[in-house]
$ cat work_9.cif   # mmCIF, C-alpha atoms
data_data
#
loop_
_atom_site.group_PDB
_atom_site.id
_atom_site.type_symbol
_atom_site.label_atom_id
_atom_site.label_comp_id
_atom_site.auth_asym_id
_atom_site.auth_seq_id
_atom_site.Cartn_x
_atom_site.Cartn_y
_atom_site.Cartn_z
ATOM 1 C CA MET A 296 7.259 -11.458 -5.172
ATOM 2 C CA THR A 297 5.953 -8.135 -6.394
ATOM 3 C CA LEU A 298 5.860 -4.881 -4.453
ATOM 4 C CA HIS A 299 2.704 -2.968 -5.368
ATOM 5 C CA ILE A 300 2.740 0.761 -4.561
ATOM 6 C CA VAL A 301 -0.580 2.635 -4.477
ATOM 7 C CA SER A 302 -0.335 6.427 -4.410
ATOM 8 C CA LYS A 303 -3.909 7.526 -5.179
ATOM 9 C CA SER A 304 -6.912 7.774 -2.875
ATOM 10 C CA PRO A 305 -9.465 4.978 -3.185
ATOM 11 C CA PHE A 306 -12.118 7.717 -3.073
ATOM 12 C CA SER A 307 -10.954 9.299 -6.344
ATOM 13 C CA SER A 308 -9.168 6.512 -8.205
ATOM 14 C CA SER A 309 -9.454 2.832 -9.089
ATOM 15 C CA ALA A 310 -5.760 2.232 -8.302
ATOM 16 C CA LEU A 311 -6.376 0.224 -5.110
ATOM 17 C CA SER A 312 -9.087 -1.983 -6.609
ATOM 18 C CA ASP A 313 -7.025 -2.514 -9.781
ATOM 19 C CA CYS A 314 -4.051 -3.458 -7.616
ATOM 20 C CA ALA A 315 -6.174 -5.827 -5.526
ATOM 21 C CA ASN A 316 -7.076 -7.717 -8.696
ATOM 22 C CA ALA A 317 -3.380 -8.224 -9.486
ATOM 23 C CA VAL A 318 -2.047 -9.181 -6.037
ATOM 24 C CA ARG A 319 -0.831 -12.759 -5.609
ATOM 25 C CA ASP A 320 0.286 -14.773 -2.582
ATOM 26 C CA GLY A 321 3.574 -13.467 -1.247
ATOM 27 C CA ASP A 322 3.230 -9.985 -2.758
ATOM 28 C CA ALA A 323 3.471 -6.790 -0.719
ATOM 29 C CA LEU A 324 1.394 -3.589 -0.909
ATOM 30 C CA LEU A 325 2.693 -0.181 0.129
ATOM 31 C CA LEU A 326 0.320 2.764 0.497
ATOM 32 C CA ILE A 327 1.945 6.167 -0.079
ATOM 33 C CA GLU A 328 0.843 9.761 -0.668
ATOM 34 C CA ASP A 329 -2.986 9.911 -0.976
ATOM 35 C CA GLY A 330 -3.070 6.108 -1.152
ATOM 36 C CA VAL A 331 -2.931 6.148 2.655
ATOM 37 C CA TYR A 332 -6.576 7.285 2.664
ATOM 38 C CA ALA A 333 -7.317 3.580 2.175
ATOM 39 C CA LEU A 334 -6.488 3.258 5.887
ATOM 40 C CA SER A 335 -9.854 4.887 6.671
ATOM 41 C CA ARG A 336 -11.843 2.127 4.993
ATOM 42 C CA GLU A 337 -11.914 -1.651 4.957
ATOM 43 C CA MET A 338 -9.258 -3.130 2.697
ATOM 44 C CA PRO A 339 -10.452 -5.281 -0.216
ATOM 45 C CA GLU A 340 -10.566 -8.962 0.743
ATOM 46 C CA LYS A 341 -8.363 -9.802 -2.245
ATOM 47 C CA LEU A 342 -5.463 -8.104 -0.444
ATOM 48 C CA ALA A 343 -5.453 -10.743 2.312
ATOM 49 C CA ALA A 344 -2.691 -12.556 0.389
ATOM 50 C CA ALA A 345 -0.342 -9.553 0.628
ATOM 51 C CA LYS A 346 1.766 -8.069 3.391
ATOM 52 C CA LEU A 347 0.464 -4.514 3.912
ATOM 53 C CA TYR A 348 2.595 -1.430 4.568
ATOM 54 C CA CYS A 349 2.037 2.313 4.606
ATOM 55 C CA LEU A 350 4.403 5.230 4.680
ATOM 56 C CA ALA A 351 4.135 6.527 8.254
ATOM 57 C CA ALA A 352 4.902 10.147 7.338
ATOM 58 C CA ASP A 353 2.104 10.233 4.745
ATOM 59 C CA ALA A 354 -0.429 8.789 7.188
ATOM 60 C CA ALA A 355 0.643 11.259 9.888
ATOM 61 C CA ALA A 356 0.464 14.204 7.472
ATOM 62 C CA ARG A 357 -3.158 13.292 6.738
ATOM 63 C CA GLY A 358 -4.075 12.654 10.385
ATOM 64 C CA LEU A 359 -4.750 8.955 9.820
ATOM 65 C CA ALA A 360 -4.260 6.185 12.350
ATOM 66 C CA VAL A 361 -2.503 3.065 11.114
ATOM 67 C CA PRO A 362 -4.359 -0.165 11.981
ATOM 68 C CA GLY A 363 -2.360 -2.949 13.618
ATOM 69 C CA SER A 364 -2.740 -5.138 10.528
ATOM 70 C CA ILE A 365 -0.681 -2.664 8.480
ATOM 71 C CA GLU A 366 2.992 -1.951 9.156
ATOM 72 C CA ALA A 367 3.879 1.760 9.195
ATOM 73 C CA ILE A 368 7.329 2.266 7.675
ATOM 74 C CA ASP A 369 9.853 5.040 7.028
ATOM 75 C CA ASP A 370 11.708 5.943 3.835
ATOM 76 C CA ALA A 371 14.642 3.659 4.615
ATOM 77 C CA ARG A 372 12.347 0.644 4.938
ATOM 78 C CA TRP A 373 10.627 1.649 1.674
ATOM 79 C CA VAL A 374 13.996 1.481 -0.108
ATOM 80 C CA SER A 375 14.612 -1.888 1.512
ATOM 81 C CA LEU A 376 11.255 -3.201 0.273
ATOM 82 C CA CYS A 377 12.159 -2.107 -3.250
ATOM 83 C CA THR A 378 15.367 -4.131 -3.120
ATOM 84 C CA GLU A 379 13.617 -7.187 -1.632
ATOM 85 C CA HIS A 380 10.883 -7.403 -4.280
ATOM 86 C CA HIS A 381 10.932 -7.801 -8.018
ATOM 87 C CA PRO A 382 9.187 -6.305 -9.862
ATOM 88 C CA VAL A 383 7.987 -3.072 -8.258
ATOM 89 C CA VAL A 384 4.679 -1.877 -9.725
ATOM 90 C CA SER A 385 3.196 1.591 -9.121
ATOM 91 C CA TRP A 386 -0.574 2.019 -9.248
ATOM 92 C CA PHE A 387 -1.669 5.619 -9.824
ATOM 93 C CA LYS A 388 -4.548 5.581 -12.305
#
$ encode --input "work_9.cif" --output "structure tokens"
Amino acid sequence: MTLHIVSKSPFSSSALSDCANAVRDGDALLLIEDGVYALSREMPEKLAAAKLYCLAADAAARGLAVPGSIEAIDDARWVSLCTEHHPVVSWFK
């Protein structure tokens, strides 16, 4: 199971859509930094196969509400996700 980390806004980058094309059943997606702006739009249908997370502090810093379908996590949980998944892939293009 892969952990995909998206750190760029879907409004200025293709990182989220590129990631969505690579996600497989059982993978996880973590939105961090400006990637949390994806919370303000509908998630690509291709991500339905993944467990969705966002870094709570990044969402709060940008004034974004976290939908119930996405788990808001702290830094400690982020580290835990990195140890639970292999590989970890960062999307930032």
$ residues_around --input "work_9.cif" --residues "A:Ala315" --least-positions-apart "4" --cutoff "10 Å" --atoms "all atoms listed in the file" --output "list in words"
His299, Ser309, Ala310, Leu311, Arg319, Leu324, Met338, Pro339, Glu340, Lys341, Leu342, Ala343, Ala344 and Ala345 of chain A
$ closest_residue --input "work_9.cif" --among "A:Asp329, A:Phe387, A:Gly358, A:Thr297" --to "A:Ala317" --atoms "all atoms listed in the file"
A:Thr297
$ closest_residue --input "work_9.cif" --among "A:Ala323, A:Ser302, A:Ser307, A:Arg336" --to "A:Val383" --atoms "all atoms listed in the file"
A:Ala323
$ closest_residue --input "work_9.cif" --among "A:Val384, A:Leu334, A:Leu325, A:Val374" --to "A:Leu350" --atoms "all atoms listed in the file"
A:Leu325
$ residues_around --input "work_9.cif" --residues "A:Asp353" --least-positions-apart "4" --cutoff "12 Å" --atoms "only C-alpha atoms" --output "list in words"
Ser302, Lys303, Leu325, Leu326, Ile327, Glu328, Asp329, Gly330, Val331, Tyr332, Ala333, Leu334, Tyr348, Cys349, Arg357, Gly358, Leu359, Ala360, Val361, Ala367, Ile368, Asp369 and Asp370 of chain A
$ closest_residue --input "work_9.cif" --among "A:Leu347, A:Pro362, A:Ala354, A:Asp322" --to "A:His381" --atoms "all atoms listed in the file"
A:Asp322
$ atom_distance --input "work_9.cif" --atom1 "atom CA of A:Asp313" --atom2 "atom CA of A:Ser385"
11.0 Å
$ atom_distance --input "work_9.cif" --atom1 "atom CA of A:Ser308" --atom2 "atom CA of A:Lys388"
6.2 Å
$ atom_distance --input "work_9.cif" --atom1 "atom CA of A:Leu298" --atom2 "atom CA of A:Ala356"
23.1 Å
$ closest_residue --input "work_9.cif" --among "A:Ser364, A:Glu379, A:Glu337, A:Pro305" --to "A:Gly321" --atoms "only C-alpha atoms"
A:Glu379
$ closest_residue --input "work_9.cif" --among "A:Trp386, A:Trp373, A:Ala352, A:Val318" --to "A:Val301" --atoms "all atoms listed in the file"
A:Trp386
$ build_atoms --input "work_9.cif" --residues "stretch 316-339 of chain A" --atoms "N, CA and C atoms" --output "PDB file, in the frame of the given file"
ATOM      1  N   ASN A 316      -6.826  -6.677  -7.698  1.00  0.00           N
ATOM      2  CA  ASN A 316      -7.076  -7.717  -8.696  1.00  0.00           C
ATOM      3  C   ASN A 316      -5.787  -8.368  -9.201  1.00  0.00           C
ATOM      4  N   ALA A 317      -4.658  -7.711  -8.993  1.00  0.00           N
ATOM      5  CA  ALA A 317      -3.380  -8.224  -9.486  1.00  0.00           C
ATOM      6  C   ALA A 317      -2.523  -8.878  -8.406  1.00  0.00           C
ATOM      7  N   VAL A 318      -2.863  -8.663  -7.144  1.00  0.00           N
ATOM      8  CA  VAL A 318      -2.047  -9.181  -6.037  1.00  0.00           C
ATOM      9  C   VAL A 318      -2.113 -10.698  -5.977  1.00  0.00           C
ATOM     10  N   ARG A 319      -0.956 -11.304  -5.750  1.00  0.00           N
ATOM     11  CA  ARG A 319      -0.831 -12.759  -5.609  1.00  0.00           C
ATOM     12  C   ARG A 319      -0.221 -13.081  -4.250  1.00  0.00           C
ATOM     13  N   ASP A 320      -0.318 -14.339  -3.838  1.00  0.00           N
ATOM     14  CA  ASP A 320       0.286 -14.773  -2.582  1.00  0.00           C
ATOM     15  C   ASP A 320       1.755 -14.382  -2.545  1.00  0.00           C
ATOM     16  N   GLY A 321       2.181 -13.840  -1.417  1.00  0.00           N
ATOM     17  CA  GLY A 321       3.574 -13.467  -1.247  1.00  0.00           C
ATOM     18  C   GLY A 321       3.920 -12.059  -1.684  1.00  0.00           C
ATOM     19  N   ASP A 322       2.990 -11.363  -2.348  1.00  0.00           N
ATOM     20  CA  ASP A 322       3.230  -9.985  -2.758  1.00  0.00           C
ATOM     21  C   ASP A 322       3.128  -9.053  -1.555  1.00  0.00           C
ATOM     22  N   ALA A 323       3.571  -7.816  -1.744  1.00  0.00           N
ATOM     23  CA  ALA A 323       3.471  -6.790  -0.719  1.00  0.00           C
ATOM     24  C   ALA A 323       2.790  -5.563  -1.319  1.00  0.00           C
ATOM     25  N   LEU A 324       2.066  -4.819  -0.484  1.00  0.00           N
ATOM     26  CA  LEU A 324       1.394  -3.589  -0.909  1.00  0.00           C
ATOM     27  C   LEU A 324       1.844  -2.467  -0.003  1.00  0.00           C
ATOM     28  N   LEU A 325       2.290  -1.372  -0.602  1.00  0.00           N
ATOM     29  CA  LEU A 325       2.693  -0.181   0.129  1.00  0.00           C
ATOM     30  C   LEU A 325       1.788   0.969  -0.268  1.00  0.00           C
ATOM     31  N   LEU A 326       1.152   1.586   0.719  1.00  0.00           N
ATOM     32  CA  LEU A 326       0.320   2.764   0.497  1.00  0.00           C
ATOM     33  C   LEU A 326       1.166   4.007   0.752  1.00  0.00           C
ATOM     34  N   ILE A 327       1.195   4.923  -0.217  1.00  0.00           N
ATOM     35  CA  ILE A 327       1.945   6.167  -0.079  1.00  0.00           C
ATOM     36  C   ILE A 327       1.070   7.329  -0.531  1.00  0.00           C
ATOM     37  N   GLU A 328       1.530   8.543  -0.253  1.00  0.00           N
ATOM     38  CA  GLU A 328       0.843   9.761  -0.668  1.00  0.00           C
ATOM     39  C   GLU A 328      -0.645   9.644  -0.330  1.00  0.00           C
ATOM     40  N   ASP A 329      -1.547   9.986  -1.263  1.00  0.00           N
ATOM     41  CA  ASP A 329      -2.986   9.911  -0.976  1.00  0.00           C
ATOM     42  C   ASP A 329      -3.503   8.481  -0.914  1.00  0.00           C
ATOM     43  N   GLY A 330      -2.692   7.513  -1.291  1.00  0.00           N
ATOM     44  CA  GLY A 330      -3.070   6.108  -1.152  1.00  0.00           C
ATOM     45  C   GLY A 330      -3.330   5.725   0.290  1.00  0.00           C
ATOM     46  N   VAL A 331      -2.721   6.466   1.237  1.00  0.00           N
ATOM     47  CA  VAL A 331      -2.931   6.148   2.655  1.00  0.00           C
ATOM     48  C   VAL A 331      -4.369   6.397   3.093  1.00  0.00           C
ATOM     49  N   TYR A 332      -5.161   7.112   2.314  1.00  0.00           N
ATOM     50  CA  TYR A 332      -6.576   7.285   2.664  1.00  0.00           C
ATOM     51  C   TYR A 332      -7.311   5.946   2.696  1.00  0.00           C
ATOM     52  N   ALA A 333      -6.735   4.927   2.100  1.00  0.00           N
ATOM     53  CA  ALA A 333      -7.317   3.580   2.175  1.00  0.00           C
ATOM     54  C   ALA A 333      -7.326   3.070   3.609  1.00  0.00           C
ATOM     55  N   LEU A 334      -6.509   3.661   4.480  1.00  0.00           N
ATOM     56  CA  LEU A 334      -6.488   3.258   5.887  1.00  0.00           C
ATOM     57  C   LEU A 334      -7.809   3.556   6.580  1.00  0.00           C
ATOM     58  N   SER A 335      -8.586   4.485   6.042  1.00  0.00           N
ATOM     59  CA  SER A 335      -9.854   4.887   6.671  1.00  0.00           C
ATOM     60  C   SER A 335     -11.040   4.059   6.194  1.00  0.00           C
ATOM     61  N   ARG A 336     -10.771   3.019   5.446  1.00  0.00           N
ATOM     62  CA  ARG A 336     -11.843   2.127   4.993  1.00  0.00           C
ATOM     63  C   ARG A 336     -11.365   0.686   5.080  1.00  0.00           C
ATOM     64  N   GLU A 337     -12.280  -0.235   4.929  1.00  0.00           N
ATOM     65  CA  GLU A 337     -11.914  -1.651   4.957  1.00  0.00           C
ATOM     66  C   GLU A 337     -11.154  -2.002   3.681  1.00  0.00           C
ATOM     67  N   MET A 338     -10.068  -2.738   3.850  1.00  0.00           N
ATOM     68  CA  MET A 338      -9.258  -3.130   2.697  1.00  0.00           C
ATOM     69  C   MET A 338      -9.975  -4.228   1.913  1.00  0.00           C
ATOM     70  N   PRO A 339      -9.839  -4.221   0.583  1.00  0.00           N
ATOM     71  CA  PRO A 339     -10.452  -5.281  -0.216  1.00  0.00           C
ATOM     72  C   PRO A 339      -9.969  -6.665   0.239  1.00  0.00           C
TER      73      PRO A 339
END
